[in-house]
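Working notes, beginning with the structure itself.
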Amino acid sequence: MTLEKPLKEYCSAKFYDLKEYYGITDKNVVRVMSFIVKYKNEEGDYAPLGPITVDMSLTRDNLESKEILIDIIPTKEEATTVYSSGSEFFRALIDKDFVGKKYDLKFELTKQEMSGIANIDFDSKYSLDYTTSSNEEQDKLFEYGLKANEAAKENSFKASVKAGIQAVKSMPLPLCFSKTGNPGYKNPENSNATIIALIKQKYGITEVLKLTFDKADGVDDFRTLVDANTNVASSKIGNHVFYFAFKDKDGSYRFTGGTLRRDHVGFGKFGELYVQDYRPGQDGDANYPMDVYRDYKGTYGVFIFDGSKLK
């Protein structure tokens with residue numbers, strides 16, 4: 001989509017909440033642009049091809065650009081456009097009901113009140129020829145669409161991380177590393193060496209930097225959490241939150257937080273010690289970009305920063 005002005009110039013201040021209406025929690029997504037696919041009927045008018053609305057995720061970079069890349073059915077290697085789950089473009093274009101048919105198509109902006117994006121006119125006409133297709137081919141195309149969509153998420157997250165690495169060069173050292181006065185856990189079995197070993201195992205890294213403890217949440221090393229419904233212990237959680245940094249495999253740096261935890265396994269016994277994710281507070285801090293790729297893979301609260309500022 002080629003525009004005369006940056007996309008942000010077509011955006012109003014009001015739009016629907018991304019988490020509530022689309023289930024989007026990725027902070028890199030700032031808007032959703034929606035399309036509907038239409039086909040030319042026998043009367044020469046364009047009518048909806050089906051019920052699918054295509055909801056495309058937009059980043060801040062998209063809003064600053066005059067050119068918006070829209071993947072239709074991309075290769076897995078080149079896919080970068082991310083859509084809300086269940087609303088991808090391939091779902092609107094692949095269906096056994098289309099077998100044996102040829103369509104003149106176009107797609108148009110829709111849900112303009114929800115997205116706050118309007119007054120965009122662009123040429124989106126194309127054709128789709130399924131006259132020699134089959135049910136089996138449609139099934140294969142659909143499966144490929146699913147895989148390409150997953151690849152797009154991963155490719156997009158990796159691209160966001162690369163952009164974040166460049167952005168942090170002008171940011172200071174995170175404030176969490178300036179905390180002092182708490183030496184950490186008292187019991188030798190919860191020593192710094194033990195914590196560092198657990199961190200290395202959890203994050204798949206070889207070196208932990210700047211291990212720092214926040215203010216203690218209690219006198220003892222742990223406190224016991226009790227299930228409110230059963231009044232039975234659910235876990236033991238550490239009273240000492242810690243922060244740490246590490247160099248990632250690409251040579252850039254990350255920081256995050258954690259605390260020690262043991263889950264109740266029954267009969268008054270608790271399981272193996274592990275590091276529970278803990279997102280560092282950023283009150284008064286720079287707005288460090290999150291490692292969205294790690295978040296996508298299930299590790300919460302890891303941020304990118306300029307490790308050259310570590311001393």
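FYI, nothing fancy with the structure tokens labels: chains A, B, ... in order, residues from 1 per chain, ligands from 1 as they appear.
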
Just the residues within 12 Å of Asn149 (chain A), please, counting only C-alpha atoms, with nothing from its chain fewer than 4 positions along; format it as a ChimeraX atom specification. /A:56,71-91,142-145,153-156

Okay, now the selection with N, CA, C and O atoms, as a tab-separated table (two decimals), in the first residue's frame?
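out-v6.tsv written:
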```
chain	number	residue	atom	x	y	z
A	56	MET	N	-4.99	-6.68	10.44
A	56	MET	CA	-3.53	-6.60	10.32
A	56	MET	C	-2.94	-5.73	11.42
A	56	MET	O	-3.38	-4.61	11.66
A	71	ASP	N	1.34	-8.82	3.44
A	71	ASP	CA	1.49	-10.19	2.97
A	71	ASP	C	0.12	-10.80	2.70
A	71	ASP	O	-0.77	-10.73	3.54
A	72	ILE	N	-0.04	-11.39	1.53
A	72	ILE	CA	-1.29	-12.07	1.19
A	72	ILE	C	-1.14	-13.57	1.50
A	72	ILE	O	-1.67	-14.08	2.46
A	73	ILE	N	-0.38	-14.26	0.66
A	73	ILE	CA	0.01	-15.65	0.98
A	73	ILE	C	1.52	-15.73	0.72
A	73	ILE	O	1.95	-16.09	-0.37
A	74	PRO	N	2.33	-15.34	1.70
A	74	PRO	CA	3.78	-15.23	1.49
A	74	PRO	C	4.49	-16.57	1.69
A	74	PRO	O	3.90	-17.54	2.16
A	75	THR	N	5.76	-16.59	1.31
A	75	THR	CA	6.59	-17.74	1.68
A	75	THR	C	6.89	-17.63	3.18
A	75	THR	O	6.86	-16.55	3.76
A	76	LYS	N	7.18	-18.75	3.79
A	76	LYS	CA	7.49	-18.76	5.23
A	76	LYS	C	8.75	-17.94	5.53
A	76	LYS	O	8.86	-17.33	6.59
A	77	GLU	N	9.69	-17.94	4.59
A	77	GLU	CA	10.94	-17.22	4.82
A	77	GLU	C	10.75	-15.71	4.76
A	77	GLU	O	11.45	-14.96	5.45
A	78	GLU	N	9.81	-15.24	3.94
A	78	GLU	CA	9.65	-13.81	3.73
A	78	GLU	C	8.47	-13.20	4.48
A	78	GLU	O	8.29	-11.99	4.49
A	79	ALA	N	7.67	-14.02	5.13
A	79	ALA	CA	6.47	-13.52	5.82
A	79	ALA	C	6.87	-12.62	6.99
A	79	ALA	O	7.68	-13.00	7.82
A	80	THR	N	6.28	-11.42	7.04
A	80	THR	CA	6.54	-10.50	8.15
A	80	THR	C	5.27	-9.84	8.67
A	80	THR	O	5.27	-9.30	9.77
A	81	THR	N	4.20	-9.83	7.87
A	81	THR	CA	2.97	-9.18	8.30
A	81	THR	C	2.26	-10.05	9.33
A	81	THR	O	2.03	-11.24	9.10
A	82	VAL	N	1.91	-9.45	10.46
A	82	VAL	CA	1.25	-10.19	11.54
A	82	VAL	C	-0.23	-9.82	11.58
A	82	VAL	O	-0.59	-8.64	11.53
A	83	TYR	N	-1.08	-10.83	11.68
A	83	TYR	CA	-2.52	-10.64	11.75
A	83	TYR	C	-3.05	-11.17	13.08
A	83	TYR	O	-2.45	-12.05	13.69
A	84	SER	N	-4.19	-10.63	13.50
A	84	SER	CA	-4.86	-11.18	14.68
A	84	SER	C	-5.26	-12.62	14.39
A	84	SER	O	-5.67	-12.95	13.26
A	85	SER	N	-5.14	-13.46	15.39
A	85	SER	CA	-5.41	-14.89	15.21
A	85	SER	C	-6.81	-15.13	14.66
A	85	SER	O	-7.80	-14.61	15.17
A	86	GLY	N	-6.88	-15.91	13.57
A	86	GLY	CA	-8.16	-16.25	12.97
A	86	GLY	C	-8.63	-15.26	11.92
A	86	GLY	O	-9.69	-15.45	11.32
A	87	SER	N	-7.83	-14.19	11.68
A	87	SER	CA	-8.27	-13.17	10.73
A	87	SER	C	-7.21	-12.91	9.65
A	87	SER	O	-7.16	-11.82	9.08
A	88	GLU	N	-6.41	-13.91	9.35
A	88	GLU	CA	-5.34	-13.73	8.38
A	88	GLU	C	-5.90	-13.69	6.95
A	88	GLU	O	-6.97	-14.22	6.68
A	89	PHE	N	-5.11	-13.13	6.04
A	89	PHE	CA	-5.56	-12.99	4.66
A	89	PHE	C	-5.83	-14.35	4.01
A	89	PHE	O	-6.79	-14.50	3.24
A	90	PHE	N	-4.99	-15.34	4.30
A	90	PHE	CA	-5.17	-16.61	3.61
A	90	PHE	C	-6.52	-17.25	3.93
A	90	PHE	O	-7.08	-17.98	3.10
A	91	ARG	N	-7.06	-16.97	5.11
A	91	ARG	CA	-8.37	-17.53	5.47
A	91	ARG	C	-9.49	-16.98	4.58
A	91	ARG	O	-10.50	-17.64	4.37
A	142	PHE	N	-4.16	-24.15	2.75
A	142	PHE	CA	-4.57	-23.69	4.08
A	142	PHE	C	-3.52	-24.04	5.13
A	142	PHE	O	-3.18	-23.21	5.98
A	143	GLU	N	-3.01	-25.26	5.08
A	143	GLU	CA	-1.96	-25.67	6.02
A	143	GLU	C	-0.72	-24.82	5.85
A	143	GLU	O	-0.07	-24.43	6.82
A	144	TYR	N	-0.38	-24.50	4.59
A	144	TYR	CA	0.78	-23.65	4.35
A	144	TYR	C	0.53	-22.25	4.89
A	144	TYR	O	1.43	-21.62	5.46
A	145	GLY	N	-0.70	-21.76	4.75
A	145	GLY	CA	-1.04	-20.45	5.28
A	145	GLY	C	-0.85	-20.39	6.79
A	145	GLY	O	-0.35	-19.39	7.32
A	153	LYS	N	5.00	-14.20	12.50
A	153	LYS	CA	5.11	-13.72	13.88
A	153	LYS	C	6.56	-13.78	14.34
A	153	LYS	O	7.10	-12.82	14.90
A	154	GLU	N	7.19	-14.93	14.08
A	154	GLU	CA	8.58	-15.09	14.53
A	154	GLU	C	9.50	-14.11	13.80
A	154	GLU	O	10.35	-13.46	14.43
A	155	ASN	N	9.32	-13.98	12.48
A	155	ASN	CA	10.15	-13.06	11.71
A	155	ASN	C	9.95	-11.61	12.16
A	155	ASN	O	10.89	-10.84	12.25
A	156	SER	N	8.70	-11.27	12.45
A	156	SER	CA	8.38	-9.91	12.88
A	156	SER	C	8.99	-9.61	14.24
A	156	SER	O	9.54	-8.53	14.47
```

DSSP-assigned alpha helix (DSSP H) among region 33-171 of chain A, expressed as a count of residues only: 47

Residues at most 9 Å from Leu49 (chain A), counting only C-alpha atoms, excluding those fewer than 4 positions away in the same chain, as a PDB file with N, CA and C atoms, in the first residue's frame?
```
ATOM      1  N   ILE A  36     -11.661  -6.077   4.145  1.00  0.00           N
ATOM      2  CA  ILE A  36     -12.612  -7.091   3.724  1.00  0.00           C
ATOM      3  C   ILE A  36     -12.359  -7.372   2.248  1.00  0.00           C
ATOM      4  N   VAL A  37     -12.374  -8.647   1.867  1.00  0.00           N
ATOM      5  CA  VAL A  37     -12.135  -9.045   0.483  1.00  0.00           C
ATOM      6  C   VAL A  37     -13.465  -9.079  -0.264  1.00  0.00           C
ATOM      7  N   LYS A  38     -13.496  -8.455  -1.446  1.00  0.00           N
ATOM      8  CA  LYS A  38     -14.718  -8.426  -2.251  1.00  0.00           C
ATOM      9  C   LYS A  38     -14.449  -9.012  -3.638  1.00  0.00           C
ATOM     10  N   TYR A  39     -15.493  -9.559  -4.265  1.00  0.00           N
ATOM     11  CA  TYR A  39     -15.383 -10.093  -5.618  1.00  0.00           C
ATOM     12  C   TYR A  39     -16.401  -9.404  -6.521  1.00  0.00           C
ATOM     13  N   LYS A  40     -16.090  -9.371  -7.830  1.00  0.00           N
ATOM     14  CA  LYS A  40     -17.002  -8.760  -8.791  1.00  0.00           C
ATOM     15  C   LYS A  40     -18.068  -9.776  -9.186  1.00  0.00           C
ATOM     16  N   ALA A  92      -9.303 -15.758   4.104  1.00  0.00           N
ATOM     17  CA  ALA A  92     -10.321 -15.144   3.242  1.00  0.00           C
ATOM     18  C   ALA A  92     -10.207 -15.598   1.796  1.00  0.00           C
ATOM     19  N   LEU A  93      -9.064 -16.198   1.430  1.00  0.00           N
ATOM     20  CA  LEU A  93      -8.794 -16.517   0.022  1.00  0.00           C
ATOM     21  C   LEU A  93      -8.702 -18.010  -0.263  1.00  0.00           C
ATOM     22  N   LEU A 105     -11.040  -9.717  -7.810  1.00  0.00           N
ATOM     23  CA  LEU A 105     -11.134  -9.344  -6.402  1.00  0.00           C
ATOM     24  C   LEU A 105     -10.567  -7.957  -6.132  1.00  0.00           C
TER      25      LEU A 105
END
```

Would you pick out the contacts of region 206-211 of chain A at 10 Å or less, using only C-alpha atoms, so that residues sharing its chain but fewer than 5 positions from it are not included, and give the list as a list in words?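 Contacts, with the query itself left out: Phe177, Ser178, Gly184, Asn192, Ile195, Ile196, Ala197, Ile199, Lys200, Gln201, Phe242, Tyr243, Phe244, Ala245, Phe246, Lys247, Asp248, Lys249, Tyr253, Arg254, Phe255, Gly257, Gly307, Leu310 and Lys311 of chain A.
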
When distances are computed from only C-alpha atoms, which of A:Thr212, A:Ser133, A:Ser234, A:Asn28 shows the smallest separation from Asn182 (chain A)?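 Ranked by minimum distance to Asn182 (chain A), first place goes to A:Thr212.
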
Give me the residues within 8 Å of region 158-163 of chain A as a list of chain:residue names, counting only C-alpha atoms and dropping any in the same chain fewer than 6 places off. A:Asn28, A:Pro289, A:Met290, A:Asp291, A:Val292, A:Tyr293, A:Ile304

Generate a file of the selected residues that holds N, CA and C atoms, formatted as a PDB file, in the first residue's frame.
```pdb
ATOM      1  N   ASN A  28       4.522  -3.700  20.835  1.00  0.00           N
ATOM      2  CA  ASN A  28       4.980  -3.145  19.564  1.00  0.00           C
ATOM      3  C   ASN A  28       3.825  -2.882  18.603  1.00  0.00           C
ATOM      4  N   PRO A 289      13.005  -1.264  25.224  1.00  0.00           N
ATOM      5  CA  PRO A 289      12.191  -2.173  24.411  1.00  0.00           C
ATOM      6  C   PRO A 289      12.239  -3.595  24.954  1.00  0.00           C
ATOM      7  N   MET A 290      11.091  -4.245  24.940  1.00  0.00           N
ATOM      8  CA  MET A 290      11.030  -5.628  25.409  1.00  0.00           C
ATOM      9  C   MET A 290      11.587  -6.567  24.345  1.00  0.00           C
ATOM     10  N   ASP A 291      12.194  -7.638  24.787  1.00  0.00           N
ATOM     11  CA  ASP A 291      12.602  -8.705  23.874  1.00  0.00           C
ATOM     12  C   ASP A 291      11.340  -9.488  23.522  1.00  0.00           C
ATOM     13  N   VAL A 292      10.636  -9.028  22.476  1.00  0.00           N
ATOM     14  CA  VAL A 292       9.341  -9.624  22.129  1.00  0.00           C
ATOM     15  C   VAL A 292       9.497 -11.043  21.594  1.00  0.00           C
ATOM     16  N   TYR A 293      10.674 -11.369  21.075  1.00  0.00           N
ATOM     17  CA  TYR A 293      10.884 -12.735  20.598  1.00  0.00           C
ATOM     18  C   TYR A 293      10.903 -13.707  21.774  1.00  0.00           C
ATOM     19  N   ILE A 304      15.807  -5.180  26.365  1.00  0.00           N
ATOM     20  CA  ILE A 304      17.062  -4.919  25.660  1.00  0.00           C
ATOM     21  C   ILE A 304      17.684  -3.646  26.230  1.00  0.00           C
TER      22      ILE A 304
END
```

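The strand (DSSP E) portion of region 130-246 of chain A consists of Leu209, Lys210, Leu211, Thr212, Phe213, Phe222, Arg223, Thr224, Leu225, Val226, Ala233, Ser234, Ser235, Lys236, Ile237, Gly238, Phe242, Tyr243, Phe244, Ala245 and Phe246 of chain A, with states taken from DSSP on the backbone.
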
Store the residues picked out above, limited to N, CA, C and O atoms, as a CSV table (one decimal), in the first residue's frame.
```
chain,number,residue,atom,x,y,z
A,209,LEU,N,25.6,-11.2,34.4
A,209,LEU,CA,26.3,-10.0,34.8
A,209,LEU,C,25.4,-9.2,35.7
A,209,LEU,O,24.2,-9.2,35.7
A,210,LYS,N,26.1,-8.5,36.6
A,210,LYS,CA,25.4,-7.5,37.5
A,210,LYS,C,24.2,-8.0,38.3
A,210,LYS,O,23.1,-7.4,38.3
A,211,LEU,N,24.4,-9.2,38.9
A,211,LEU,CA,23.3,-9.7,39.8
A,211,LEU,C,23.1,-8.8,41.0
A,211,LEU,O,24.0,-8.5,41.7
A,212,THR,N,21.9,-8.2,41.1
A,212,THR,CA,21.6,-7.2,42.1
A,212,THR,C,20.3,-7.5,42.8
A,212,THR,O,19.3,-7.9,42.1
A,213,PHE,N,20.2,-7.4,44.1
A,213,PHE,CA,19.0,-7.7,44.9
A,213,PHE,C,18.2,-6.4,45.2
A,213,PHE,O,18.8,-5.4,45.6
A,222,PHE,N,12.2,-17.3,52.4
A,222,PHE,CA,11.0,-17.6,51.6
A,222,PHE,C,9.7,-17.2,52.5
A,222,PHE,O,9.8,-17.2,53.7
A,223,ARG,N,8.6,-17.1,51.8
A,223,ARG,CA,7.3,-17.0,52.4
A,223,ARG,C,6.4,-18.0,51.7
A,223,ARG,O,6.6,-18.3,50.5
A,224,THR,N,5.5,-18.6,52.4
A,224,THR,CA,4.6,-19.6,51.9
A,224,THR,C,3.3,-19.0,51.4
A,224,THR,O,2.6,-18.3,52.1
A,225,LEU,N,2.9,-19.3,50.1
A,225,LEU,CA,1.7,-18.9,49.6
A,225,LEU,C,0.6,-20.0,49.8
A,225,LEU,O,0.9,-21.2,49.6
A,226,VAL,N,-0.6,-19.6,50.2
A,226,VAL,CA,-1.6,-20.6,50.5
A,226,VAL,C,-2.8,-20.3,49.5
A,226,VAL,O,-3.2,-19.2,49.3
A,233,ALA,N,-1.0,-25.0,51.2
A,233,ALA,CA,0.1,-24.3,50.6
A,233,ALA,C,0.3,-24.6,49.1
A,233,ALA,O,0.2,-25.8,48.7
A,234,SER,N,0.5,-23.6,48.3
A,234,SER,CA,0.7,-23.8,46.9
A,234,SER,C,2.1,-23.7,46.4
A,234,SER,O,2.5,-24.3,45.5
A,235,SER,N,2.9,-22.9,47.2
A,235,SER,CA,4.3,-22.7,46.8
A,235,SER,C,5.0,-21.9,47.9
A,235,SER,O,4.4,-21.3,48.8
A,236,LYS,N,6.3,-21.9,47.8
A,236,LYS,CA,7.2,-21.1,48.6
A,236,LYS,C,7.9,-20.1,47.6
A,236,LYS,O,8.5,-20.5,46.6
A,237,ILE,N,7.7,-18.8,47.9
A,237,ILE,CA,8.3,-17.8,47.0
A,237,ILE,C,9.3,-17.0,47.7
A,237,ILE,O,9.2,-16.7,48.9
A,238,GLY,N,10.4,-16.7,47.0
A,238,GLY,CA,11.5,-16.0,47.6
A,238,GLY,C,11.2,-14.6,48.0
A,238,GLY,O,10.5,-13.9,47.3
A,242,PHE,N,15.6,-10.3,42.5
A,242,PHE,CA,16.9,-9.9,42.0
A,242,PHE,C,16.8,-9.5,40.5
A,242,PHE,O,15.8,-9.9,39.8
A,243,TYR,N,17.8,-8.8,40.1
A,243,TYR,CA,17.9,-8.3,38.7
A,243,TYR,C,19.2,-8.8,38.1
A,243,TYR,O,20.2,-8.9,38.9
A,244,PHE,N,19.3,-9.0,36.8
A,244,PHE,CA,20.6,-9.4,36.3
A,244,PHE,C,20.6,-9.1,34.8
A,244,PHE,O,19.6,-8.8,34.2
A,245,ALA,N,21.8,-9.1,34.2
A,245,ALA,CA,22.0,-8.8,32.8
A,245,ALA,C,22.7,-10.0,32.2
A,245,ALA,O,23.4,-10.8,32.9
A,246,PHE,N,22.7,-10.1,30.9
A,246,PHE,CA,23.4,-11.1,30.2
A,246,PHE,C,23.6,-10.7,28.7
A,246,PHE,O,22.8,-9.9,28.2
```

Mind giving me the straight-line distance from CA of Asp97 (chain A) to CA of Glu137 (chain A) in Å, one decimal? 12.3 Å

Using only C-alpha atoms, pick whichever of A:Gln276, A:Thr25, A:Asn41, A:Gln112 has the shortest atom-to-atom distance to Leu198 (chain A).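 The shortest atom-to-atom distance to Leu198 (chain A) comes from A:Gln276.
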
Report as JSON lines: every residue of region 51-127 of chain A with an atom at most 7 Å from region 14-20 of chain A, its closest pair of atoms, and their distance in Å to one decimal, counting only C-alpha atoms, with rows sorted by chain and ascending residue number.
```
{"residue": "A:Glu113", "atom": "CA", "partner": "A:Phe15", "partner_atom": "CA", "distance": 6.9}
{"residue": "A:Met114", "atom": "CA", "partner": "A:Tyr16", "partner_atom": "CA", "distance": 5.0}
{"residue": "A:Ser115", "atom": "CA", "partner": "A:Phe15", "partner_atom": "CA", "distance": 5.1}
{"residue": "A:Gly116", "atom": "CA", "partner": "A:Phe15", "partner_atom": "CA", "distance": 4.8}
```

Output C-alpha atoms of each residue in that selection to a file, as a PDB file, in the first residue's frame.
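Written file, selection_7.pdb:
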```pdb
ATOM      1  CA  GLU A 113     -14.434   3.318  13.605  1.00  0.00           C
ATOM      2  CA  MET A 114     -12.575   0.591  15.521  1.00  0.00           C
ATOM      3  CA  SER A 115      -9.176   1.265  13.943  1.00  0.00           C
ATOM      4  CA  GLY A 116      -9.416   5.041  13.705  1.00  0.00           C
TER       5      GLY A 116
END
```

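As for CA of Cys11 (chain A) and CA of Ser65 (chain A), they are spaced 12.6 Å apart.
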
Report the distance between CA of Val241 (chain A) and CA of Gly301 (chain A) in Å, rounded to one decimal place.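 That distance, rounded to one decimal, is 13.5 Å.
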
Write out as a list of chain:residue names the residues lying within 8 Å of Thr299 (chain A), counting only C-alpha atoms and excluding same-chain residues fewer than 4 positions away.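 Near neighbours after the sequence-gap exclusion: A:Asp277, A:Arg294, A:Asp295.
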
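Residue nearest Lys5 (chain A), chosen from A:Asn62, A:Ser252, A:Thr259, A:Asn135 and counting only C-alpha atoms: A:Asn62.
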
Considering only C-alpha atoms, return as a PyMOL selection string whatever protein or nucleic-acid residues lie within 9 Å of Val29 (chain A), sequence-local ones (same chain, fewer than 3 positions apart) excluded. chain A and resi 18+24-26+32+57-60

Give me a file of those residues, with all heavy atoms, as a JSON list (two decimals), in the first residue's frame.
```
[["chain", "number", "residue", "atom", "x", "y", "z"],
["A", 18, "LEU", "N", -6.80, -2.50, 21.98],
["A", 18, "LEU", "CA", -6.26, -3.65, 21.25],
["A", 18, "LEU", "C", -6.39, -4.95, 22.03],
["A", 18, "LEU", "O", -6.67, -6.00, 21.46],
["A", 18, "LEU", "CB", -4.79, -3.39, 20.90],
["A", 18, "LEU", "CG", -4.52, -2.20, 19.99],
["A", 18, "LEU", "CD1", -3.02, -2.08, 19.72],
["A", 18, "LEU", "CD2", -5.27, -2.33, 18.69],
["A", 24, "ILE", "N", -4.68, -8.51, 21.71],
["A", 24, "ILE", "CA", -3.28, -8.20, 21.41],
["A", 24, "ILE", "C", -2.61, -7.62, 22.66],
["A", 24, "ILE", "O", -3.07, -6.63, 23.22],
["A", 24, "ILE", "CB", -3.18, -7.19, 20.25],
["A", 24, "ILE", "CG1", -3.71, -7.83, 18.96],
["A", 24, "ILE", "CG2", -1.74, -6.73, 20.06],
["A", 24, "ILE", "CD1", -3.81, -6.87, 17.81],
["A", 25, "THR", "N", -1.52, -8.25, 23.09],
["A", 25, "THR", "CA", -0.75, -7.78, 24.25],
["A", 25, "THR", "C", 0.65, -7.32, 23.87],
["A", 25, "THR", "O", 1.37, -6.78, 24.71],
["A", 25, "THR", "CB", -0.65, -8.88, 25.32],
["A", 25, "THR", "OG1", -0.05, -10.05, 24.73],
["A", 25, "THR", "CG2", -2.03, -9.24, 25.86],
["A", 26, "ASP", "N", 1.04, -7.54, 22.62],
["A", 26, "ASP", "CA", 2.36, -7.13, 22.15],
["A", 26, "ASP", "C", 2.43, -5.61, 22.12],
["A", 26, "ASP", "O", 1.70, -4.94, 21.39],
["A", 26, "ASP", "CB", 2.60, -7.71, 20.74],
["A", 26, "ASP", "CG", 3.96, -7.32, 20.17],
["A", 26, "ASP", "OD1", 4.74, -6.65, 20.88],
["A", 26, "ASP", "OD2", 4.23, -7.69, 19.02],
["A", 32, "VAL", "N", -4.64, -1.62, 14.67],
["A", 32, "VAL", "CA", -5.04, -2.72, 13.79],
["A", 32, "VAL", "C", -5.75, -2.12, 12.59],
["A", 32, "VAL", "O", -6.66, -1.31, 12.74],
["A", 32, "VAL", "CB", -5.97, -3.71, 14.52],
["A", 32, "VAL", "CG1", -6.61, -4.67, 13.52],
["A", 32, "VAL", "CG2", -5.19, -4.51, 15.56],
["A", 57, "SER", "N", -1.92, -6.24, 12.10],
["A", 57, "SER", "CA", -1.27, -5.51, 13.19],
["A", 57, "SER", "C", -0.29, -4.49, 12.62],
["A", 57, "SER", "O", 0.46, -4.78, 11.68],
["A", 57, "SER", "CB", -0.52, -6.48, 14.11],
["A", 57, "SER", "OG", -1.42, -7.41, 14.68],
["A", 58, "LEU", "N", -0.28, -3.30, 13.22],
["A", 58, "LEU", "CA", 0.61, -2.23, 12.79],
["A", 58, "LEU", "C", 1.54, -1.82, 13.93],
["A", 58, "LEU", "O", 1.13, -1.75, 15.09],
["A", 58, "LEU", "CB", -0.20, -1.00, 12.36],
["A", 58, "LEU", "CG", -1.14, -1.17, 11.17],
["A", 58, "LEU", "CD1", -1.99, 0.08, 10.99],
["A", 58, "LEU", "CD2", -0.38, -1.48, 9.90],
["A", 59, "THR", "N", 2.78, -1.54, 13.59],
["A", 59, "THR", "CA", 3.76, -1.06, 14.56],
["A", 59, "THR", "C", 3.94, 0.45, 14.41],
["A", 59, "THR", "O", 3.42, 1.07, 13.47],
["A", 59, "THR", "CB", 5.11, -1.74, 14.34],
["A", 59, "THR", "OG1", 5.63, -1.35, 13.07],
["A", 59, "THR", "CG2", 4.97, -3.27, 14.39],
["A", 60, "ARG", "N", 4.71, 1.05, 15.30],
["A", 60, "ARG", "CA", 5.01, 2.48, 15.19],
["A", 60, "ARG", "C", 5.75, 2.78, 13.89],
["A", 60, "ARG", "O", 5.55, 3.83, 13.27],
["A", 60, "ARG", "CB", 5.83, 2.94, 16.39],
["A", 60, "ARG", "CG", 5.03, 3.02, 17.68],
["A", 60, "ARG", "CD", 5.86, 3.53, 18.85],
["A", 60, "ARG", "NE", 5.04, 3.68, 20.04],
["A", 60, "ARG", "CZ", 4.75, 2.69, 20.87],
["A", 60, "ARG", "NH1", 5.22, 1.47, 20.62],
["A", 60, "ARG", "NH2", 3.99, 2.91, 21.93]]
```
